[in-house]
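The next block is target.cif, given as mmCIF, C-alpha atoms and all ligand atoms.
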data_upload
loop_
_atom_site.label_atom_id
_atom_site.label_comp_id
_atom_site.auth_asym_id
_atom_site.auth_seq_id
_atom_site.Cartn_x
_atom_site.Cartn_y
_atom_site.Cartn_z
CA MET C 194 0.00 0.00 0.00
CA SER C 195 1.40 3.41 -0.91
CA LYS C 196 2.20 5.71 1.95
CA VAL C 197 0.10 8.74 2.83
CA LYS C 198 2.00 11.85 1.76
CA ILE C 199 2.26 14.66 4.26
CA ALA C 200 3.39 18.28 3.98
CA VAL C 201 4.32 20.03 7.21
CA LEU C 202 4.14 23.82 7.34
CA VAL C 203 6.26 25.61 9.93
CA SER C 204 7.24 29.14 10.92
CA GLY C 205 9.65 28.53 13.76
CA SER C 206 11.54 25.92 15.74
CA GLY C 207 9.62 22.96 14.37
CA SER C 208 9.62 20.86 17.54
CA ASN C 209 6.20 19.51 16.53
CA LEU C 210 7.59 18.64 13.11
CA GLN C 211 10.37 16.78 14.91
CA SER C 212 7.95 14.74 16.97
CA LEU C 213 6.14 13.76 13.77
CA ILE C 214 9.42 12.80 12.10
CA ASP C 215 10.32 10.67 15.14
CA TYR C 216 6.98 8.82 15.13
CA ILE C 217 7.25 8.13 11.41
CA GLU C 218 10.86 6.98 11.69
CA ALA C 219 9.85 4.66 14.53
CA ARG C 220 7.22 3.24 12.12
CA LYS C 221 4.38 4.21 14.46
CA ILE C 222 2.72 6.10 11.59
CA ASN C 223 2.60 4.68 8.08
CA ALA C 224 3.19 7.92 6.23
CA GLU C 225 5.89 9.93 4.55
CA ILE C 226 6.71 13.61 5.05
CA LYS C 227 7.36 14.74 1.49
CA LEU C 228 7.63 18.45 2.05
CA VAL C 229 8.45 20.97 4.75
CA ILE C 230 7.35 24.47 3.85
CA SER C 231 8.06 27.62 5.82
CA ASN C 232 6.82 31.17 5.44
CA LYS C 233 10.03 32.35 7.13
CA TYR C 234 13.63 32.14 6.03
CA GLY C 235 15.86 30.61 8.68
CA ALA C 236 13.07 28.79 10.53
CA TYR C 237 14.78 25.95 12.38
CA GLY C 238 12.03 23.62 11.20
CA LEU C 239 13.61 23.82 7.73
CA THR C 240 16.91 22.57 9.12
CA ARG C 241 15.12 19.70 10.88
CA GLY C 242 13.56 18.73 7.58
CA GLU C 243 16.83 18.98 5.65
CA LYS C 244 18.60 16.80 8.23
CA CYS C 245 16.12 14.04 7.39
CA GLY C 246 16.47 14.48 3.65
CA ILE C 247 13.00 16.02 3.26
CA THR C 248 12.48 18.56 0.47
CA THR C 249 12.08 22.05 1.93
CA LEU C 250 10.68 25.23 0.49
CA VAL C 251 10.44 28.83 1.71
CA LEU C 252 7.44 30.89 0.67
CA ASP C 253 8.07 34.19 2.43
CA LYS C 254 5.64 37.01 1.71
CA LYS C 255 8.63 39.37 1.40
CA ASP C 256 9.35 37.75 -1.94
CA PHE C 257 5.91 38.40 -3.40
CA LEU C 258 4.27 41.61 -4.50
CA ASP C 259 0.91 39.94 -4.14
CA ILE C 260 0.24 37.49 -1.30
CA ARG C 261 -2.09 35.57 -3.63
CA GLU C 262 0.93 34.60 -5.72
CA ARG C 263 2.57 33.10 -2.60
CA ASP C 264 -0.58 31.12 -1.85
CA ARG C 265 -0.91 30.02 -5.48
CA LEU C 266 2.62 28.61 -5.27
CA LEU C 267 1.79 26.93 -1.97
CA LEU C 268 -1.17 25.10 -3.52
CA GLU C 269 0.81 24.28 -6.65
CA ASN C 270 3.56 22.66 -4.59
CA LEU C 271 1.09 20.65 -2.51
CA GLN C 272 -0.60 19.35 -5.64
CA LYS C 273 2.62 18.74 -7.59
CA ASN C 274 3.83 16.56 -4.73
CA GLU C 275 0.47 14.78 -4.49
CA ILE C 276 0.16 15.73 -0.83
CA ASP C 277 -2.71 13.97 0.98
CA ILE C 278 -2.52 15.69 4.38
CA VAL C 279 -1.24 19.14 5.35
CA VAL C 280 -0.06 19.61 8.93
CA LEU C 281 0.28 23.12 10.32
CA ALA C 282 2.93 22.72 13.00
CA GLY C 283 3.43 26.21 14.32
CA TYR C 284 2.62 27.80 10.94
CA LEU C 285 1.76 31.37 11.77
CA ALA C 286 0.22 32.46 8.47
CA ILE C 287 -3.34 32.24 7.24
CA ILE C 288 -4.33 29.46 4.85
CA PRO C 289 -6.54 31.07 2.18
CA PRO C 290 -10.05 29.72 1.46
CA GLU C 291 -8.98 28.48 -2.01
CA ILE C 292 -6.54 26.01 -0.39
CA ILE C 293 -8.96 25.08 2.41
CA GLY C 294 -11.55 24.30 -0.28
CA VAL C 295 -9.23 21.96 -2.17
CA TYR C 296 -7.94 20.29 1.01
CA ARG C 297 -11.23 20.26 2.96
CA ASN C 298 -10.79 18.15 6.13
CA ARG C 299 -7.25 17.31 5.11
CA ILE C 300 -5.47 20.26 6.77
CA ILE C 301 -4.89 20.02 10.51
CA ASN C 302 -3.46 22.52 12.97
CA ILE C 303 -2.01 22.24 16.45
CA HIS C 304 -3.00 25.08 18.76
CA PRO C 305 -1.45 25.62 22.22
CA SER C 306 -4.67 25.98 24.24
CA LEU C 307 -7.96 24.23 24.88
CA LEU C 308 -10.03 25.72 22.05
CA PRO C 309 -12.27 27.64 21.88
CA SER C 310 -10.51 29.33 24.79
CA PHE C 311 -7.52 31.46 23.89
CA GLY C 312 -8.01 30.97 20.17
CA GLY C 313 -8.67 33.18 17.16
CA LYS C 314 -6.70 35.66 15.13
CA SER C 315 -4.55 37.32 17.79
CA TYR C 316 -3.80 34.16 19.74
CA TYR C 317 -0.66 32.37 18.67
CA GLY C 318 2.65 31.23 20.13
CA GLU C 319 3.71 32.71 23.47
CA ARG C 320 0.82 35.22 23.55
CA VAL C 321 -1.56 32.32 24.25
CA HIS C 322 0.33 31.31 27.38
CA GLN C 323 0.71 34.92 28.57
CA GLU C 324 -3.06 35.36 28.35
CA VAL C 325 -3.60 32.06 30.16
CA ILE C 326 -1.51 33.34 33.09
CA LYS C 327 -3.24 36.75 33.02
CA ARG C 328 -6.70 35.19 33.10
CA GLY C 329 -5.77 32.85 35.91
CA VAL C 330 -7.28 29.70 34.42
CA LYS C 331 -6.44 26.53 36.31
CA ILE C 332 -6.16 24.31 33.27
CA THR C 333 -4.97 24.85 29.73
CA GLY C 334 -3.77 22.43 27.11
CA ALA C 335 -3.47 21.75 23.42
CA THR C 336 -5.90 21.12 20.57
CA VAL C 337 -5.52 19.46 17.19
CA HIS C 338 -8.27 20.51 14.82
CA PHE C 339 -9.17 20.64 11.15
CA VAL C 340 -8.62 23.97 9.48
CA ASN C 341 -11.69 25.66 8.08
CA GLU C 342 -12.46 29.26 7.09
CA GLU C 343 -12.78 30.39 10.72
CA THR C 344 -9.45 30.89 12.51
CA ASP C 345 -9.08 28.07 15.08
CA GLY C 346 -12.75 27.20 14.52
CA GLY C 347 -12.58 23.88 12.66
CA PRO C 348 -13.72 20.48 13.96
CA ILE C 349 -11.66 19.35 16.96
CA ILE C 350 -9.84 16.02 16.61
CA LEU C 351 -7.96 15.73 19.92
CA GLN C 352 -7.43 17.79 23.05
CA ARG C 353 -5.43 17.26 26.19
CA ALA C 354 -5.26 19.37 29.35
CA VAL C 355 -2.46 20.37 31.73
CA GLU C 356 -2.73 22.12 35.07
CA VAL C 357 -1.60 25.68 35.55
CA ASP C 358 0.05 26.20 38.96
CA PHE C 359 -0.14 29.56 40.68
CA ASP C 360 3.62 30.09 40.48
CA ASP C 361 3.90 29.10 36.82
CA GLU C 362 5.36 31.66 34.45
CA TRP C 363 4.17 31.64 30.83
CA GLN C 364 7.38 29.87 29.84
CA THR C 365 6.59 27.05 32.29
CA VAL C 366 3.10 26.72 30.86
CA GLN C 367 4.50 26.76 27.31
CA LYS C 368 6.86 23.91 28.23
CA LYS C 369 4.08 21.82 29.77
CA VAL C 370 1.82 22.40 26.78
CA LEU C 371 4.54 21.67 24.21
CA ALA C 372 5.18 18.31 25.86
CA ILE C 373 1.56 17.28 25.24
CA GLU C 374 1.53 18.82 21.76
CA HIS C 375 4.36 16.44 20.87
CA GLU C 376 2.08 13.54 21.80
CA ILE C 377 -1.31 14.56 20.46
CA LEU C 378 -0.18 15.88 17.09
CA PRO C 379 1.36 12.56 15.96
CA MET C 380 -1.60 10.76 17.53
CA ALA C 381 -4.04 12.80 15.43
CA VAL C 382 -1.98 12.28 12.28
CA LYS C 383 -1.97 8.53 12.94
CA LEU C 384 -5.77 8.50 13.35
CA LEU C 385 -6.17 10.43 10.13
CA VAL C 386 -3.74 8.24 8.17
CA GLU C 387 -5.58 5.14 9.38
CA GLY C 388 -8.96 6.56 8.34
CA LYS C 389 -10.24 6.70 11.91
CA VAL C 390 -11.51 10.28 11.82
CA GLU C 391 -15.02 11.08 10.69
CA VAL C 392 -16.25 14.67 10.46
CA VAL C 393 -19.90 15.09 11.42
CA GLY C 394 -20.94 18.73 11.02
CA ASN C 395 -18.45 20.68 13.11
CA ARG C 396 -17.66 17.69 15.29
CA VAL C 397 -15.29 14.75 14.95
CA LYS C 398 -16.14 11.15 15.64
CA LEU C 399 -13.12 8.96 16.30
CA LEU C 400 -13.67 5.48 14.88
C1 LIG C 501 3.42 25.48 19.12
O1 LIG C 501 3.21 25.72 20.48
C2 LIG C 501 2.10 25.54 18.36
O2 LIG C 501 1.02 25.04 19.11
C3 LIG C 501 1.97 27.02 18.14
O3 LIG C 501 3.27 27.43 17.79
C4 LIG C 501 4.22 26.60 18.47
C5 LIG C 501 5.22 26.08 17.46
O4 LIG C 501 6.24 25.36 18.08
N1 LIG C 501 1.00 27.30 17.13
C6 LIG C 501 0.15 28.33 17.19
O5 LIG C 501 0.17 29.15 18.08
C7 LIG C 501 -0.87 28.39 16.05
N2 LIG C 501 -1.92 29.30 16.36
P1 LIG C 501 7.23 24.44 17.23
O6 LIG C 501 7.72 25.29 16.06
O7 LIG C 501 8.35 24.13 18.18
O8 LIG C 501 6.49 23.23 16.79
#
Structure re-expressed in structure tokens:
Amino acid sequence: MSKVKIAVLVSGSGSNLQSLIDYIEARKINAEIKLVISNKYGAYGLTRGEKCGITTLVLDKKDFLDIRERDRLLLENLQKNEIDIVVLAGYLAIIPPEIIGVYRNRIINIHPSLLPSFGGKSYYGERVHQEVIKRGVKITGATVHFVNEETDGGPIILQRAVEVDFDDEWQTVQKKVLAIEHEILPMAVKLLVEGKVEVVGNRVKLL
């Protein structure tokens, strides 16, 4: 059986990409990462990809007069490489509706909170954890969800919680959350690859 082809999109360190690479190399997921794409030059995620012999590509908006040209190239590269599943692993750019339409329920994102809390346009990266501390919530966590036209609003595949202690700084919370991200992202990809995810309206049934 041919392997499911994955593209991973990153903007930064790529620790979630690394956890996916590790699961695939350990043969826990029967898939192949064919492409790592970044919207930022120098993102360490690109280096992680290169180290494993994965094709990498930078599509930085600085290089385009019109952002639509960047997104056109993004779609073209996904299709040229016959990508089945797109994983946003710390990709801090918006996926346009044209790509969401083509890859409906085949693009997933990892978000560092328990959605719908601390989600939406202005919530990404460390800001999420800073707001968690400010608000004084006692639990936070991570969410893997499908990407639809609403930022962080797509059907939720997996979530896991961690406790926030009174003395935690945002960096401590970030560390706790990242540790669970590294587990639930590969877990969600595995479920998807094995056809165990069914979307019912805006909800997900795990088979
Ligand atoms: C992760 O915490 C991920 O959840 C977050 O960016 C970080 C990337 O880390 N994504 C978002 O905030 C998306 N809204 P990584 O580059 O080490 O995987």
_Using all atoms listed in the file, can you tell me which of C:Glu387, C:Glu342, C:Glu324, C:Glu319 comes closest to C:Ile292?_
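Of C:Glu387, C:Glu342, C:Glu324, C:Glu319, the one nearest C:Ile292 is C:Glu342, counting all atoms listed in the file.
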*Tell me, as an MDAnalysis selection string, which residues lie within 12 Å of C:Asn298, counting only C-alpha atoms; anything in the same chain fewer than 6 positions away does not count.*
chainID C and resid 277:280 292 338:342 347:350 385 388 390:397
Got a sec to check which residues lie within 9 Å of ligand LIG 501 (chain C), using all atoms listed in the file, and send them as a CSV table (one decimal) with C-alpha atoms, keeping the file's coordinate frame?
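Dumped everything to selection-v9.csv:
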chain,number,residue,atom,x,y,z
C,203,VAL,CA,6.3,25.6,9.9
C,204,SER,CA,7.2,29.1,10.9
C,205,GLY,CA,9.6,28.5,13.8
C,206,SER,CA,11.5,25.9,15.7
C,207,GLY,CA,9.6,23.0,14.4
C,208,SER,CA,9.6,20.9,17.5
C,209,ASN,CA,6.2,19.5,16.5
C,210,LEU,CA,7.6,18.6,13.1
C,211,GLN,CA,10.4,16.8,14.9
C,212,SER,CA,8.0,14.7,17.0
C,236,ALA,CA,13.1,28.8,10.5
C,237,TYR,CA,14.8,26.0,12.4
C,238,GLY,CA,12.0,23.6,11.2
C,281,LEU,CA,0.3,23.1,10.3
C,282,ALA,CA,2.9,22.7,13.0
C,283,GLY,CA,3.4,26.2,14.3
C,284,TYR,CA,2.6,27.8,10.9
C,285,LEU,CA,1.8,31.4,11.8
C,286,ALA,CA,0.2,32.5,8.5
C,302,ASN,CA,-3.5,22.5,13.0
C,303,ILE,CA,-2.0,22.2,16.4
C,304,HIS,CA,-3.0,25.1,18.8
C,305,PRO,CA,-1.4,25.6,22.2
C,306,SER,CA,-4.7,26.0,24.2
C,312,GLY,CA,-8.0,31.0,20.2
C,313,GLY,CA,-8.7,33.2,17.2
C,314,LYS,CA,-6.7,35.7,15.1
C,315,SER,CA,-4.6,37.3,17.8
C,316,TYR,CA,-3.8,34.2,19.7
C,317,TYR,CA,-0.7,32.4,18.7
C,318,GLY,CA,2.6,31.2,20.1
C,319,GLU,CA,3.7,32.7,23.5
C,320,ARG,CA,0.8,35.2,23.6
C,321,VAL,CA,-1.6,32.3,24.2
C,335,ALA,CA,-3.5,21.8,23.4
C,336,THR,CA,-5.9,21.1,20.6
C,337,VAL,CA,-5.5,19.5,17.2
C,344,THR,CA,-9.4,30.9,12.5
C,345,ASP,CA,-9.1,28.1,15.1
C,367,GLN,CA,4.5,26.8,27.3
C,368,LYS,CA,6.9,23.9,28.2
C,370,VAL,CA,1.8,22.4,26.8
C,371,LEU,CA,4.5,21.7,24.2
C,374,GLU,CA,1.5,18.8,21.8
C,375,HIS,CA,4.4,16.4,20.9
*Closest to C:Tyr296 among C:Ala200, C:Ser195, C:Ile222, C:Ile217, using only C-alpha atoms?*
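Of all the options, C:Ala200 lies closest to C:Tyr296.
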*For each of C:Lys198, C:Arg241, C:Leu250, C:Lys273, take the minimum atom-to-atom distance to C:Glu225, counting only C-alpha atoms, then give the residue where this is smallest.*
C:Lys198
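The shortest atom-to-atom distance to C:Ala224, with all atoms listed in the file taken into account, belongs to C:Val382 out of C:Leu351, C:Val251, C:Leu266, C:Val382.
The point (9.7, 28.8, 1.0) has these residues within 8 Å of it, counting only C-alpha atoms: C:Ile230, C:Ser231, C:Asn232, C:Lys233, C:Tyr234, C:Thr249, C:Leu250, C:Val251, C:Leu252, C:Asp253.
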*asked:* So, with only C-alpha atoms as the atoms that count, which of C:Asp259, C:Phe311, C:Leu213, C:Ile199 lies closest to C:Pro379?
replied: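 Answer, going by the shortest atom-to-atom distance: C:Leu213.
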*Can you tell me, as a list in words, what residues are no more than 12 Å from C:Phe359 when counting all atoms listed in the file, ignoring any on the same chain fewer than 5 positions away?*
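Answer for this query is Val325, Ile326, Lys327, Arg328, Gly329, Val330, Lys331, Ile332, Thr365 and Val366 of chain C.
Distance annotation: of C:Ile373, C:Ile293, C:Leu399, C:Leu378, the residue with the minimal separation from C:Ile214 is C:Leu378; atom set is all atoms listed in the file.
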*Interatomic distance (Å, one decimal) between atom CA of C:Asp256 and atom CA of C:Ile226*: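 Atom CA of C:Ile226 lies 25.3 Å from atom CA of C:Asp256.
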*One decimal, Å: what's the distance from atom CA of C:Glu376 over to atom CA of C:Asp360, could you say?*
25.0 Å
*Identify, on the basis of only C-alpha atoms, every residue whose closest approach to C:Leu268 does not exceed 10 Å; exclude the query and any residue fewer than 3 positions from it along the same chain; express the result as a ChimeraX atom specification.*
/C:262-265,271-274,276,288-289,291-293,295-296
Could you take the residues named above and write them with C-alpha atoms, as a short mmCIF file (atom, residue, chain, number, x, y, z; two decimals), in the coordinates of the input?
data_model
loop_
_atom_site.label_atom_id
_atom_site.label_comp_id
_atom_site.auth_asym_id
_atom_site.auth_seq_id
_atom_site.Cartn_x
_atom_site.Cartn_y
_atom_site.Cartn_z
CA GLU C 262 0.93 34.60 -5.72
CA ARG C 263 2.57 33.10 -2.60
CA ASP C 264 -0.58 31.12 -1.85
CA ARG C 265 -0.91 30.02 -5.48
CA LEU C 271 1.09 20.65 -2.51
CA GLN C 272 -0.60 19.35 -5.64
CA LYS C 273 2.62 18.74 -7.59
CA ASN C 274 3.83 16.56 -4.73
CA ILE C 276 0.16 15.73 -0.83
CA ILE C 288 -4.33 29.46 4.85
CA PRO C 289 -6.54 31.07 2.18
CA GLU C 291 -8.98 28.48 -2.01
CA ILE C 292 -6.54 26.01 -0.39
CA ILE C 293 -8.96 25.08 2.41
CA VAL C 295 -9.23 21.96 -2.17
CA TYR C 296 -7.94 20.29 1.01
#
Using the atoms already present, construct N, CA, C and O atoms for stretch 248-270 of chain C and hand them back as a short mmCIF file (atom, residue, chain, number, x, y, z; two decimals), in the coordinates of the input.
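For reference, result_19.cif as written:
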data_model
loop_
_atom_site.label_atom_id
_atom_site.label_comp_id
_atom_site.auth_asym_id
_atom_site.auth_seq_id
_atom_site.Cartn_x
_atom_site.Cartn_y
_atom_site.Cartn_z
N THR C 248 12.44 17.36 1.31
CA THR C 248 12.48 18.56 0.47
C THR C 248 11.90 19.74 1.25
O THR C 248 10.84 19.60 1.88
N THR C 249 12.58 20.87 1.21
CA THR C 249 12.08 22.05 1.93
C THR C 249 11.87 23.20 0.94
O THR C 249 12.49 23.23 -0.12
N LEU C 250 11.03 24.10 1.36
CA LEU C 250 10.68 25.23 0.49
C LEU C 250 10.33 26.42 1.38
O LEU C 250 9.65 26.27 2.39
N VAL C 251 10.81 27.61 0.99
CA VAL C 251 10.44 28.83 1.71
C VAL C 251 9.52 29.65 0.82
O VAL C 251 9.83 29.93 -0.34
N LEU C 252 8.36 30.00 1.37
CA LEU C 252 7.44 30.89 0.67
C LEU C 252 7.19 32.09 1.60
O LEU C 252 6.24 32.10 2.37
N ASP C 253 8.11 33.03 1.53
CA ASP C 253 8.07 34.19 2.43
C ASP C 253 7.36 35.33 1.71
O ASP C 253 7.70 35.63 0.54
N LYS C 254 6.43 35.96 2.39
CA LYS C 254 5.64 37.01 1.71
C LYS C 254 6.51 38.17 1.23
O LYS C 254 6.12 38.88 0.30
N LYS C 255 7.69 38.32 1.84
CA LYS C 255 8.63 39.37 1.40
C LYS C 255 8.97 39.24 -0.08
O LYS C 255 9.32 40.20 -0.75
N ASP C 256 8.93 38.00 -0.57
CA ASP C 256 9.35 37.75 -1.94
C ASP C 256 8.23 37.92 -2.97
O ASP C 256 8.43 37.66 -4.15
N PHE C 257 7.06 38.32 -2.49
CA PHE C 257 5.91 38.40 -3.40
C PHE C 257 5.26 39.78 -3.33
O PHE C 257 5.04 40.30 -2.24
N LEU C 258 4.97 40.32 -4.48
CA LEU C 258 4.27 41.61 -4.50
C LEU C 258 2.83 41.41 -4.06
O LEU C 258 2.23 42.25 -3.41
N ASP C 259 2.30 40.25 -4.44
CA ASP C 259 0.91 39.94 -4.14
C ASP C 259 0.87 38.63 -3.37
O ASP C 259 1.39 37.61 -3.84
N ILE C 260 0.27 38.67 -2.17
CA ILE C 260 0.24 37.49 -1.30
C ILE C 260 -0.46 36.31 -1.99
O ILE C 260 -0.17 35.14 -1.73
N ARG C 261 -1.36 36.65 -2.92
CA ARG C 261 -2.09 35.57 -3.63
C ARG C 261 -1.14 34.72 -4.47
O ARG C 261 -1.37 33.54 -4.70
N GLU C 262 -0.05 35.35 -4.93
CA GLU C 262 0.93 34.60 -5.72
C GLU C 262 1.65 33.59 -4.80
O GLU C 262 1.90 32.45 -5.18
N ARG C 263 1.95 34.02 -3.56
CA ARG C 263 2.57 33.10 -2.60
C ARG C 263 1.65 31.90 -2.36
O ARG C 263 2.06 30.74 -2.40
N ASP C 264 0.37 32.18 -2.15
CA ASP C 264 -0.58 31.12 -1.85
C ASP C 264 -0.83 30.22 -3.07
O ASP C 264 -1.05 29.03 -2.93
N ARG C 265 -0.75 30.83 -4.26
CA ARG C 265 -0.91 30.02 -5.48
C ARG C 265 0.24 29.01 -5.57
O ARG C 265 0.04 27.83 -5.87
N LEU C 266 1.45 29.49 -5.24
CA LEU C 266 2.62 28.61 -5.27
C LEU C 266 2.54 27.53 -4.20
O LEU C 266 2.98 26.39 -4.40
N LEU C 267 1.96 27.90 -3.06
CA LEU C 267 1.79 26.93 -1.97
C LEU C 267 0.90 25.79 -2.46
O LEU C 267 1.26 24.61 -2.37
N LEU C 268 -0.25 26.13 -3.03
CA LEU C 268 -1.17 25.10 -3.52
C LEU C 268 -0.53 24.28 -4.64
O LEU C 268 -0.63 23.05 -4.66
N GLU C 269 0.17 24.98 -5.52
CA GLU C 269 0.81 24.28 -6.65
C GLU C 269 1.80 23.23 -6.15
O GLU C 269 1.84 22.11 -6.63
N ASN C 270 2.57 23.60 -5.12
CA ASN C 270 3.56 22.66 -4.59
C ASN C 270 2.91 21.48 -3.85
O ASN C 270 3.41 20.36 -3.91
#
